[in-house]
Amino acid sequence: MWLYRVIFAVAAFPLAALFAVRTLRGREDLAALRARLGVAPAAGDRRPTVWLHAASNGELASVAPLVARLRRARPDLRWFVTANSVTGRDLARGWGVAAECAPLDLRGAARRLLRRWDVRLHIVVESELWPNRLSACGAAGVPVAVLGARMSARTARGWARLPGLAPRVLGHISFLSAQDARSLERLRALGLPEAAAGPVLDLKALYTPPPGEPDGALQAAFPRAGTWLAASTHDGEEDIVIAAHLAARAARPGLRLILAPRHPARGDAVAALLAQAGIDFDRRSRGEVTGAEVLLADTMGEMHLWYALAGTVFVGGSLVPKGGHTPYEPAAFGCALLHGPHLENFAPAYGRIAEAGASRRVSGAGELAGALSDLAAPDAQTALGQAGAQALGHGADAEAVVATVQHMLPPAAKES
């Protein structure tokens, strides 16, 4: 532990200089720099606080449903969120909670944060196991819960090079729910106390559709049974999607497509592909709803609208080696699931889907077009969609994790 502290204390100087340069170049603001240096504003009162830390947007999005449940159960508690990125900080602020960029992992910064915010529980998401922060929690008697814990084989080997560090750090964890069985095995081998090991749970299984639905114009232009969505596509997939759509619409006249690239900044490139194919399309980024057969959904934060409109969803990042994207969200909307062979990012979830026969795997434009033709009937879409939702239901393990974390919250103040 002392070796880690020495190494990180030395590394803190160039890291601080890097953040200062980012601030001078306008890539971050001064508030982010102050927070990273451990001098963020203190809380305005002494209400008990839950400190949640996650790396960035993706991790925060995965834990958001759980946080929402806990906040509804205990509205008396204050939440303070830290993230490694400015975009993560701003996302958390959108929840209506205090949020800052995370301080560097120095003992003094961690102690000040715990003291200034009267932290009573520290929740860590995925792989953010910072030794000084967890040690400061242990010294202050603050319980630590790790949710969606992830430990790759490579990272485990790195921890093992400092044999005294891992058991000491992991010993401060009161409860840990890993996102997969192998991560849990590696954490146990590194010294996670057996009493702290909870159920394996992918946090994304807790996803629930947000309130609201597409407006009437979109619903009229894209009837669910006749619309399919290509969600979070990458370079190399849009060509396949467009070719499959052209082939499928020959068998299904009037077929509509919503094409949502993973990175909206690629909107112009995808628009060029659609134009080259001679397809009439609207661009969401321009607010166009003319009734074109394809909607290029080149915006952020609206994927739930496209899931609600589409009876069938092709999950992107799976026809090219990107590891695939989440099946939980389209399954929550009852969409029939299609995907390619590259599913490493969600292997356990897709394994459950495959075991239940709750999706169709395709390897190119021909198979994708064939699957779309096979799912022309609304009943066929509904049956496959329901099978996917059932296969990915979070069940008792999720409820056990929620109940355990809720039990770790500080007791409610007694009314006088």
# chains A, B, ... in the order shown; residues from 1 in each chain; ligands from 1
>>> residues_around(residues="range 75-80 of chain A", least_positions_apart="5", cutoff="6 Å", atoms="only C-alpha atoms", output="ChimeraX atom specification")
/A:48-51,97-99
>>> residues_around(residues="Ala277 in chain A", least_positions_apart="3", cutoff="9 Å", atoms="only C-alpha atoms", output="PDB file with all heavy atoms, in the first residue's frame")
ATOM      1  N   ILE A 242     -28.201  -1.328 -45.276  1.00  0.00           N
ATOM      2  CA  ILE A 242     -28.888  -0.744 -46.435  1.00  0.00           C
ATOM      3  C   ILE A 242     -29.188  -1.812 -47.482  1.00  0.00           C
ATOM      4  O   ILE A 242     -30.296  -1.875 -48.036  1.00  0.00           O
ATOM      5  CB  ILE A 242     -28.049   0.403 -47.015  1.00  0.00           C
ATOM      6  CG1 ILE A 242     -28.017   1.581 -46.023  1.00  0.00           C
ATOM      7  CG2 ILE A 242     -28.607   0.855 -48.365  1.00  0.00           C
ATOM      8  CD1 ILE A 242     -27.027   2.674 -46.392  1.00  0.00           C
ATOM      9  N   ALA A 243     -28.216  -2.676 -47.751  1.00  0.00           N
ATOM     10  CA  ALA A 243     -28.437  -3.753 -48.726  1.00  0.00           C
ATOM     11  C   ALA A 243     -29.539  -4.694 -48.260  1.00  0.00           C
ATOM     12  O   ALA A 243     -30.380  -5.136 -49.058  1.00  0.00           O
ATOM     13  CB  ALA A 243     -27.136  -4.523 -48.949  1.00  0.00           C
ATOM     14  N   LEU A 246     -32.964  -2.983 -48.736  1.00  0.00           N
ATOM     15  CA  LEU A 246     -33.409  -2.985 -50.130  1.00  0.00           C
ATOM     16  C   LEU A 246     -33.943  -4.356 -50.540  1.00  0.00           C
ATOM     17  O   LEU A 246     -34.951  -4.466 -51.254  1.00  0.00           O
ATOM     18  CB  LEU A 246     -32.252  -2.568 -51.034  1.00  0.00           C
ATOM     19  CG  LEU A 246     -31.809  -1.104 -50.914  1.00  0.00           C
ATOM     20  CD1 LEU A 246     -30.551  -0.860 -51.747  1.00  0.00           C
ATOM     21  CD2 LEU A 246     -32.928  -0.167 -51.347  1.00  0.00           C
ATOM     22  N   ALA A 272     -24.551   9.848 -46.899  1.00  0.00           N
ATOM     23  CA  ALA A 272     -24.000   9.648 -48.240  1.00  0.00           C
ATOM     24  C   ALA A 272     -24.263   8.232 -48.743  1.00  0.00           C
ATOM     25  O   ALA A 272     -24.560   8.019 -49.936  1.00  0.00           O
ATOM     26  CB  ALA A 272     -22.498   9.947 -48.235  1.00  0.00           C
ATOM     27  N   LEU A 273     -24.183   7.248 -47.861  1.00  0.00           N
ATOM     28  CA  LEU A 273     -24.467   5.866 -48.250  1.00  0.00           C
ATOM     29  C   LEU A 273     -25.928   5.704 -48.656  1.00  0.00           C
ATOM     30  O   LEU A 273     -26.242   5.025 -49.642  1.00  0.00           O
ATOM     31  CB  LEU A 273     -24.136   4.917 -47.102  1.00  0.00           C
ATOM     32  CG  LEU A 273     -22.659   4.789 -46.703  1.00  0.00           C
ATOM     33  CD1 LEU A 273     -22.527   3.901 -45.465  1.00  0.00           C
ATOM     34  CD2 LEU A 273     -21.838   4.209 -47.849  1.00  0.00           C
ATOM     35  N   LEU A 274     -26.829   6.323 -47.895  1.00  0.00           N
ATOM     36  CA  LEU A 274     -28.258   6.234 -48.220  1.00  0.00           C
ATOM     37  C   LEU A 274     -28.550   6.907 -49.561  1.00  0.00           C
ATOM     38  O   LEU A 274     -29.300   6.386 -50.397  1.00  0.00           O
ATOM     39  CB  LEU A 274     -29.081   6.873 -47.108  1.00  0.00           C
ATOM     40  CG  LEU A 274     -29.138   6.098 -45.785  1.00  0.00           C
ATOM     41  CD1 LEU A 274     -29.676   6.985 -44.671  1.00  0.00           C
ATOM     42  CD2 LEU A 274     -30.003   4.853 -45.927  1.00  0.00           C
TER      43      LEU A 274
END
>>> select_by_dssp(residues="range 115-345 of chain A", states="helix (DSSP H, G or I)", output="ChimeraX atom specification")
/A:115-116,131-140,153-160,165-170,181-190,194-196,203-206,216-221,224-226,238-251,264-276,284-286,303-309,328-332,344-345
>>> closest_residue(among="A:Asp282, A:Asp202, A:Asp374, A:Asp118", to="Ala398 in chain A", atoms="only C-alpha atoms")
A:Asp202
>>> residues_around(residues="Ala54 in chain A", least_positions_apart="3", cutoff="8 Å", atoms="only C-alpha atoms", output="count of residues only")
10
>>> select_by_dssp(residues="range 185-306 of chain A", states="strand (DSSP E)", output="PDB file with all heavy atoms, in the first residue's frame")
ATOM      1  N   THR A 227     -41.791  -1.526 -39.206  1.00  0.00           N
ATOM      2  CA  THR A 227     -40.560  -0.747 -39.018  1.00  0.00           C
ATOM      3  C   THR A 227     -39.506  -1.598 -38.335  1.00  0.00           C
ATOM      4  O   THR A 227     -39.806  -2.316 -37.375  1.00  0.00           O
ATOM      5  CB  THR A 227     -40.834   0.503 -38.158  1.00  0.00           C
ATOM      6  OG1 THR A 227     -41.791   1.342 -38.819  1.00  0.00           O
ATOM      7  CG2 THR A 227     -39.561   1.295 -37.915  1.00  0.00           C
ATOM      8  N   TRP A 228     -38.277  -1.514 -38.832  1.00  0.00           N
ATOM      9  CA  TRP A 228     -37.170  -2.149 -38.134  1.00  0.00           C
ATOM     10  C   TRP A 228     -36.096  -1.112 -37.858  1.00  0.00           C
ATOM     11  O   TRP A 228     -35.993  -0.090 -38.538  1.00  0.00           O
ATOM     12  CB  TRP A 228     -36.628  -3.346 -38.896  1.00  0.00           C
ATOM     13  CG  TRP A 228     -35.845  -3.075 -40.150  1.00  0.00           C
ATOM     14  CD1 TRP A 228     -36.327  -2.600 -41.339  1.00  0.00           C
ATOM     15  CD2 TRP A 228     -34.446  -3.313 -40.347  1.00  0.00           C
ATOM     16  NE1 TRP A 228     -35.326  -2.525 -42.270  1.00  0.00           N
ATOM     17  CE2 TRP A 228     -34.154  -2.959 -41.699  1.00  0.00           C
ATOM     18  CE3 TRP A 228     -33.409  -3.803 -39.555  1.00  0.00           C
ATOM     19  CZ2 TRP A 228     -32.871  -3.057 -42.247  1.00  0.00           C
ATOM     20  CZ3 TRP A 228     -32.138  -3.917 -40.091  1.00  0.00           C
ATOM     21  CH2 TRP A 228     -31.869  -3.536 -41.422  1.00  0.00           C
ATOM     22  N   LEU A 229     -35.332  -1.360 -36.802  1.00  0.00           N
ATOM     23  CA  LEU A 229     -34.303  -0.435 -36.330  1.00  0.00           C
ATOM     24  C   LEU A 229     -32.941  -1.107 -36.402  1.00  0.00           C
ATOM     25  O   LEU A 229     -32.780  -2.242 -35.943  1.00  0.00           O
ATOM     26  CB  LEU A 229     -34.604  -0.024 -34.880  1.00  0.00           C
ATOM     27  CG  LEU A 229     -33.469   0.645 -34.085  1.00  0.00           C
ATOM     28  CD1 LEU A 229     -33.122   2.004 -34.665  1.00  0.00           C
ATOM     29  CD2 LEU A 229     -33.895   0.783 -32.604  1.00  0.00           C
ATOM     30  N   ALA A 230     -31.988  -0.410 -36.989  1.00  0.00           N
ATOM     31  CA  ALA A 230     -30.580  -0.812 -36.914  1.00  0.00           C
ATOM     32  C   ALA A 230     -29.935   0.085 -35.870  1.00  0.00           C
ATOM     33  O   ALA A 230     -29.696   1.267 -36.121  1.00  0.00           O
ATOM     34  CB  ALA A 230     -29.907  -0.670 -38.267  1.00  0.00           C
ATOM     35  N   ALA A 231     -29.700  -0.463 -34.677  1.00  0.00           N
ATOM     36  CA  ALA A 231     -29.307   0.329 -33.511  1.00  0.00           C
ATOM     37  C   ALA A 231     -27.806   0.291 -33.278  1.00  0.00           C
ATOM     38  O   ALA A 231     -27.199  -0.779 -33.265  1.00  0.00           O
ATOM     39  CB  ALA A 231     -30.034  -0.191 -32.265  1.00  0.00           C
ATOM     40  N   SER A 232     -27.221   1.474 -33.084  1.00  0.00           N
ATOM     41  CA  SER A 232     -25.806   1.608 -32.709  1.00  0.00           C
ATOM     42  C   SER A 232     -24.878   0.935 -33.719  1.00  0.00           C
ATOM     43  O   SER A 232     -23.991   0.167 -33.359  1.00  0.00           O
ATOM     44  CB  SER A 232     -25.570   1.037 -31.305  1.00  0.00           C
ATOM     45  OG  SER A 232     -26.314   1.732 -30.336  1.00  0.00           O
ATOM     46  N   THR A 233     -25.091   1.241 -34.980  1.00  0.00           N
ATOM     47  CA  THR A 233     -24.266   0.643 -36.027  1.00  0.00           C
ATOM     48  C   THR A 233     -22.901   1.318 -36.123  1.00  0.00           C
ATOM     49  O   THR A 233     -22.731   2.479 -35.764  1.00  0.00           O
ATOM     50  CB  THR A 233     -24.962   0.737 -37.388  1.00  0.00           C
ATOM     51  OG1 THR A 233     -25.265   2.122 -37.660  1.00  0.00           O
ATOM     52  CG2 THR A 233     -26.237  -0.072 -37.408  1.00  0.00           C
ATOM     53  N   ARG A 256     -40.206   0.091 -43.387  1.00  0.00           N
ATOM     54  CA  ARG A 256     -39.530   1.310 -42.945  1.00  0.00           C
ATOM     55  C   ARG A 256     -38.313   0.937 -42.097  1.00  0.00           C
ATOM     56  O   ARG A 256     -38.311  -0.070 -41.384  1.00  0.00           O
ATOM     57  CB  ARG A 256     -40.474   2.185 -42.121  1.00  0.00           C
ATOM     58  CG  ARG A 256     -41.710   2.665 -42.886  1.00  0.00           C
ATOM     59  CD  ARG A 256     -41.307   3.449 -44.128  1.00  0.00           C
ATOM     60  NE  ARG A 256     -42.432   3.962 -44.865  1.00  0.00           N
ATOM     61  CZ  ARG A 256     -42.911   5.206 -44.747  1.00  0.00           C
ATOM     62  NH1 ARG A 256     -42.360   6.046 -43.880  1.00  0.00           N
ATOM     63  NH2 ARG A 256     -43.927   5.589 -45.474  1.00  0.00           N
ATOM     64  N   LEU A 257     -37.305   1.790 -42.179  1.00  0.00           N
ATOM     65  CA  LEU A 257     -36.053   1.571 -41.446  1.00  0.00           C
ATOM     66  C   LEU A 257     -35.680   2.821 -40.660  1.00  0.00           C
ATOM     67  O   LEU A 257     -35.729   3.943 -41.194  1.00  0.00           O
ATOM     68  CB  LEU A 257     -34.914   1.230 -42.419  1.00  0.00           C
ATOM     69  CG  LEU A 257     -33.471   1.315 -41.886  1.00  0.00           C
ATOM     70  CD1 LEU A 257     -33.224   0.303 -40.782  1.00  0.00           C
ATOM     71  CD2 LEU A 257     -32.469   1.138 -43.026  1.00  0.00           C
ATOM     72  N   ILE A 258     -35.306   2.626 -39.412  1.00  0.00           N
ATOM     73  CA  ILE A 258     -34.676   3.679 -38.605  1.00  0.00           C
ATOM     74  C   ILE A 258     -33.215   3.262 -38.447  1.00  0.00           C
ATOM     75  O   ILE A 258     -32.923   2.208 -37.890  1.00  0.00           O
ATOM     76  CB  ILE A 258     -35.347   3.838 -37.234  1.00  0.00           C
ATOM     77  CG1 ILE A 258     -36.826   4.193 -37.401  1.00  0.00           C
ATOM     78  CG2 ILE A 258     -34.636   4.914 -36.413  1.00  0.00           C
ATOM     79  CD1 ILE A 258     -37.612   4.185 -36.100  1.00  0.00           C
ATOM     80  N   LEU A 259     -32.311   4.070 -38.940  1.00  0.00           N
ATOM     81  CA  LEU A 259     -30.886   3.758 -38.919  1.00  0.00           C
ATOM     82  C   LEU A 259     -30.199   4.700 -37.946  1.00  0.00           C
ATOM     83  O   LEU A 259     -30.120   5.906 -38.183  1.00  0.00           O
ATOM     84  CB  LEU A 259     -30.305   3.892 -40.326  1.00  0.00           C
ATOM     85  CG  LEU A 259     -28.809   3.641 -40.526  1.00  0.00           C
ATOM     86  CD1 LEU A 259     -28.375   2.336 -39.888  1.00  0.00           C
ATOM     87  CD2 LEU A 259     -28.481   3.648 -42.008  1.00  0.00           C
ATOM     88  N   ALA A 260     -29.727   4.142 -36.820  1.00  0.00           N
ATOM     89  CA  ALA A 260     -29.154   4.944 -35.734  1.00  0.00           C
ATOM     90  C   ALA A 260     -27.689   4.591 -35.552  1.00  0.00           C
ATOM     91  O   ALA A 260     -27.362   3.611 -34.865  1.00  0.00           O
ATOM     92  CB  ALA A 260     -29.926   4.696 -34.438  1.00  0.00           C
ATOM     93  N   PRO A 261     -26.762   5.337 -36.166  1.00  0.00           N
ATOM     94  CA  PRO A 261     -25.336   5.039 -35.985  1.00  0.00           C
ATOM     95  C   PRO A 261     -24.905   5.239 -34.543  1.00  0.00           C
ATOM     96  O   PRO A 261     -25.445   6.093 -33.831  1.00  0.00           O
ATOM     97  CB  PRO A 261     -24.634   6.027 -36.916  1.00  0.00           C
ATOM     98  CG  PRO A 261     -25.628   7.124 -37.148  1.00  0.00           C
ATOM     99  CD  PRO A 261     -26.985   6.493 -37.047  1.00  0.00           C
ATOM    100  N   PHE A 281     -34.736   9.515 -47.519  1.00  0.00           N
ATOM    101  CA  PHE A 281     -34.551   9.473 -46.061  1.00  0.00           C
ATOM    102  C   PHE A 281     -34.694  10.863 -45.452  1.00  0.00           C
ATOM    103  O   PHE A 281     -34.494  11.884 -46.112  1.00  0.00           O
ATOM    104  CB  PHE A 281     -33.185   8.883 -45.701  1.00  0.00           C
ATOM    105  CG  PHE A 281     -32.001   9.717 -46.127  1.00  0.00           C
ATOM    106  CD1 PHE A 281     -31.397  10.618 -45.248  1.00  0.00           C
ATOM    107  CD2 PHE A 281     -31.474   9.603 -47.411  1.00  0.00           C
ATOM    108  CE1 PHE A 281     -30.310  11.387 -45.646  1.00  0.00           C
ATOM    109  CE2 PHE A 281     -30.383  10.355 -47.816  1.00  0.00           C
ATOM    110  CZ  PHE A 281     -29.791  11.262 -46.925  1.00  0.00           C
ATOM    111  N   ASP A 282     -35.062  10.864 -44.171  1.00  0.00           N
ATOM    112  CA  ASP A 282     -35.071  12.064 -43.337  1.00  0.00           C
ATOM    113  C   ASP A 282     -33.913  11.993 -42.360  1.00  0.00           C
ATOM    114  O   ASP A 282     -33.435  10.898 -42.030  1.00  0.00           O
ATOM    115  CB  ASP A 282     -36.382  12.179 -42.549  1.00  0.00           C
ATOM    116  CG  ASP A 282     -37.575  12.493 -43.431  1.00  0.00           C
ATOM    117  OD1 ASP A 282     -37.374  13.106 -44.495  1.00  0.00           O
ATOM    118  OD2 ASP A 282     -38.702  12.122 -43.054  1.00  0.00           O
ATOM    119  N   ARG A 283     -33.484  13.152 -41.869  1.00  0.00           N
ATOM    120  CA  ARG A 283     -32.438  13.206 -40.838  1.00  0.00           C
ATOM    121  C   ARG A 283     -33.029  13.781 -39.560  1.00  0.00           C
ATOM    122  O   ARG A 283     -33.557  14.904 -39.550  1.00  0.00           O
ATOM    123  CB  ARG A 283     -31.244  14.033 -41.296  1.00  0.00           C
ATOM    124  CG  ARG A 283     -30.447  13.383 -42.411  1.00  0.00           C
ATOM    125  CD  ARG A 283     -29.169  14.133 -42.727  1.00  0.00           C
ATOM    126  NE  ARG A 283     -28.191  14.049 -41.644  1.00  0.00           N
ATOM    127  CZ  ARG A 283     -26.904  14.380 -41.794  1.00  0.00           C
ATOM    128  NH1 ARG A 283     -26.463  14.813 -42.979  1.00  0.00           N
ATOM    129  NH2 ARG A 283     -26.064  14.284 -40.783  1.00  0.00           N
ATOM    130  N   VAL A 294     -36.844   5.886 -44.731  1.00  0.00           N
ATOM    131  CA  VAL A 294     -35.745   5.704 -43.783  1.00  0.00           C
ATOM    132  C   VAL A 294     -35.585   6.970 -42.952  1.00  0.00           C
ATOM    133  O   VAL A 294     -35.614   8.084 -43.487  1.00  0.00           O
ATOM    134  CB  VAL A 294     -34.425   5.383 -44.507  1.00  0.00           C
ATOM    135  CG1 VAL A 294     -33.261   5.321 -43.505  1.00  0.00           C
ATOM    136  CG2 VAL A 294     -34.535   4.059 -45.248  1.00  0.00           C
ATOM    137  N   LEU A 295     -35.417   6.791 -41.650  1.00  0.00           N
ATOM    138  CA  LEU A 295     -35.071   7.893 -40.760  1.00  0.00           C
ATOM    139  C   LEU A 295     -33.639   7.679 -40.300  1.00  0.00           C
ATOM    140  O   LEU A 295     -33.327   6.660 -39.663  1.00  0.00           O
ATOM    141  CB  LEU A 295     -36.003   7.937 -39.541  1.00  0.00           C
ATOM    142  CG  LEU A 295     -35.641   8.977 -38.472  1.00  0.00           C
ATOM    143  CD1 LEU A 295     -35.744  10.391 -39.028  1.00  0.00           C
ATOM    144  CD2 LEU A 295     -36.523   8.821 -37.235  1.00  0.00           C
ATOM    145  N   LEU A 296     -32.764   8.612 -40.629  1.00  0.00           N
ATOM    146  CA  LEU A 296     -31.397   8.586 -40.139  1.00  0.00           C
ATOM    147  C   LEU A 296     -31.395   9.244 -38.764  1.00  0.00           C
ATOM    148  O   LEU A 296     -31.511  10.461 -38.650  1.00  0.00           O
ATOM    149  CB  LEU A 296     -30.457   9.305 -41.101  1.00  0.00           C
ATOM    150  CG  LEU A 296     -29.000   9.471 -40.659  1.00  0.00           C
ATOM    151  CD1 LEU A 296     -28.382   8.138 -40.265  1.00  0.00           C
ATOM    152  CD2 LEU A 296     -28.181  10.155 -41.753  1.00  0.00           C
TER     153      LEU A 296
END
>>> residues_around(residues="Ser183 in chain A", least_positions_apart="5", cutoff="8 Å", atoms="only C-alpha atoms", output="list in words")
Ala149, Arg150, Met151, Ser152 and Ala178 of chain A
>>> closest_residue(among="A:Asp397, A:Asp45, A:Glu237, A:Asp180", to="Gly148 in chain A", atoms="only C-alpha atoms")
A:Asp180
>>> closest_residue(among="A:Gly198, A:Pro321, A:Gly311, A:Gly334", to="Val401 in chain A", atoms="only C-alpha atoms")
A:Gly198
>>> closest_residue(among="A:Tyr4, A:Ala195, A:Glu355, A:Leu33", to="Val21 in chain A", atoms="only C-alpha atoms")
A:Leu33
>>> residues_around(residues="Leu343 in chain A", least_positions_apart="6", cutoff="6 Å", atoms="only C-alpha atoms", output="number ranges by chain")
A: 318, 323-324
>>> closest_residue(among="A:Ala61, A:Gly191, A:Gly317, A:Arg266", to="Ala297 in chain A", atoms="only C-alpha atoms")
A:Arg266
>>> closest_residue(among="A:Leu18, A:Ala365, A:Leu305, A:Val405", to="Val241 in chain A", atoms="only C-alpha atoms")
A:Ala365
>>> residues_around(residues="Pro341 in chain A", least_positions_apart="6", cutoff="8 Å", atoms="only C-alpha atoms", output="number ranges by chain")
A: 318-319, 361-363
>>> residues_around(residues="Glu100 in chain A", least_positions_apart="6", cutoff="10 Å", atoms="only C-alpha atoms", output="PyMOL selection string")
chain A and resi 31-36+40-41+53+80-86+88-90+92-93
>>> decode(residues="range 53-104 of chain A", atoms="C-alpha atoms", output="PDB file, in the first residue's frame")
ATOM      1  CA  HIS A  53     -18.490   7.004  -8.284  1.00  0.00           C
ATOM      2  CA  ALA A  54     -18.445   5.781 -11.885  1.00  0.00           C
ATOM      3  CA  ALA A  55     -15.985   6.224 -14.716  1.00  0.00           C
ATOM      4  CA  SER A  56     -18.215   7.998 -17.236  1.00  0.00           C
ATOM      5  CA  ASN A  57     -21.508   8.016 -19.111  1.00  0.00           C
ATOM      6  CA  GLY A  58     -21.828   4.319 -19.859  1.00  0.00           C
ATOM      7  CA  GLU A  59     -21.242   3.233 -16.279  1.00  0.00           C
ATOM      8  CA  LEU A  60     -23.570   5.916 -14.932  1.00  0.00           C
ATOM      9  CA  ALA A  61     -26.282   4.881 -17.383  1.00  0.00           C
ATOM     10  CA  SER A  62     -26.002   1.261 -16.244  1.00  0.00           C
ATOM     11  CA  VAL A  63     -26.456   2.124 -12.576  1.00  0.00           C
ATOM     12  CA  ALA A  64     -29.125   4.804 -13.134  1.00  0.00           C
ATOM     13  CA  PRO A  65     -32.154   2.481 -12.655  1.00  0.00           C
ATOM     14  CA  LEU A  66     -30.788   1.269  -9.314  1.00  0.00           C
ATOM     15  CA  VAL A  67     -30.021   4.813  -8.169  1.00  0.00           C
ATOM     16  CA  ALA A  68     -33.535   5.897  -9.109  1.00  0.00           C
ATOM     17  CA  ARG A  69     -35.028   3.100  -6.996  1.00  0.00           C
ATOM     18  CA  LEU A  70     -32.854   3.965  -4.020  1.00  0.00           C
ATOM     19  CA  ARG A  71     -33.663   7.659  -4.257  1.00  0.00           C
ATOM     20  CA  ARG A  72     -37.383   6.914  -4.356  1.00  0.00           C
ATOM     21  CA  ALA A  73     -37.036   4.679  -1.305  1.00  0.00           C
ATOM     22  CA  ARG A  74     -34.993   7.223   0.668  1.00  0.00           C
ATOM     23  CA  PRO A  75     -35.698  10.789  -0.475  1.00  0.00           C
ATOM     24  CA  ASP A  76     -34.176  12.089   2.772  1.00  0.00           C
ATOM     25  CA  LEU A  77     -30.645  11.196   1.671  1.00  0.00           C
ATOM     26  CA  ARG A  78     -28.370  13.380  -0.404  1.00  0.00           C
ATOM     27  CA  TRP A  79     -26.461  11.934  -3.362  1.00  0.00           C
ATOM     28  CA  PHE A  80     -23.056  13.118  -4.491  1.00  0.00           C
ATOM     29  CA  VAL A  81     -21.706  11.697  -7.755  1.00  0.00           C
ATOM     30  CA  THR A  82     -18.170  11.757  -9.085  1.00  0.00           C
ATOM     31  CA  ALA A  83     -17.042  10.727 -12.562  1.00  0.00           C
ATOM     32  CA  ASN A  84     -13.727  10.654 -14.377  1.00  0.00           C
ATOM     33  CA  SER A  85     -15.043  12.754 -17.270  1.00  0.00           C
ATOM     34  CA  VAL A  86     -16.776  16.093 -17.605  1.00  0.00           C
ATOM     35  CA  THR A  87     -19.492  14.474 -19.712  1.00  0.00           C
ATOM     36  CA  GLY A  88     -20.131  11.974 -16.916  1.00  0.00           C
ATOM     37  CA  ARG A  89     -20.319  14.768 -14.366  1.00  0.00           C
ATOM     38  CA  ASP A  90     -22.818  16.660 -16.502  1.00  0.00           C
ATOM     39  CA  LEU A  91     -24.901  13.536 -17.082  1.00  0.00           C
ATOM     40  CA  ALA A  92     -25.184  12.996 -13.317  1.00  0.00           C
ATOM     41  CA  ARG A  93     -26.162  16.617 -12.778  1.00  0.00           C
ATOM     42  CA  GLY A  94     -29.032  15.953 -15.143  1.00  0.00           C
ATOM     43  CA  TRP A  95     -30.376  13.555 -12.501  1.00  0.00           C
ATOM     44  CA  GLY A  96     -30.833  16.527 -10.172  1.00  0.00           C
ATOM     45  CA  VAL A  97     -27.970  15.599  -7.831  1.00  0.00           C
ATOM     46  CA  ALA A  98     -24.662  17.242  -6.925  1.00  0.00           C
ATOM     47  CA  ALA A  99     -21.856  15.981  -9.149  1.00  0.00           C
ATOM     48  CA  GLU A 100     -18.196  16.791  -9.751  1.00  0.00           C
ATOM     49  CA  CYS A 101     -15.199  15.320 -11.514  1.00  0.00           C
ATOM     50  CA  ALA A 102     -13.490  12.736  -9.334  1.00  0.00           C
ATOM     51  CA  PRO A 103     -10.451  13.829  -7.326  1.00  0.00           C
ATOM     52  CA  LEU A 104      -7.094  12.225  -7.911  1.00  0.00           C
TER      53      LEU A 104
END
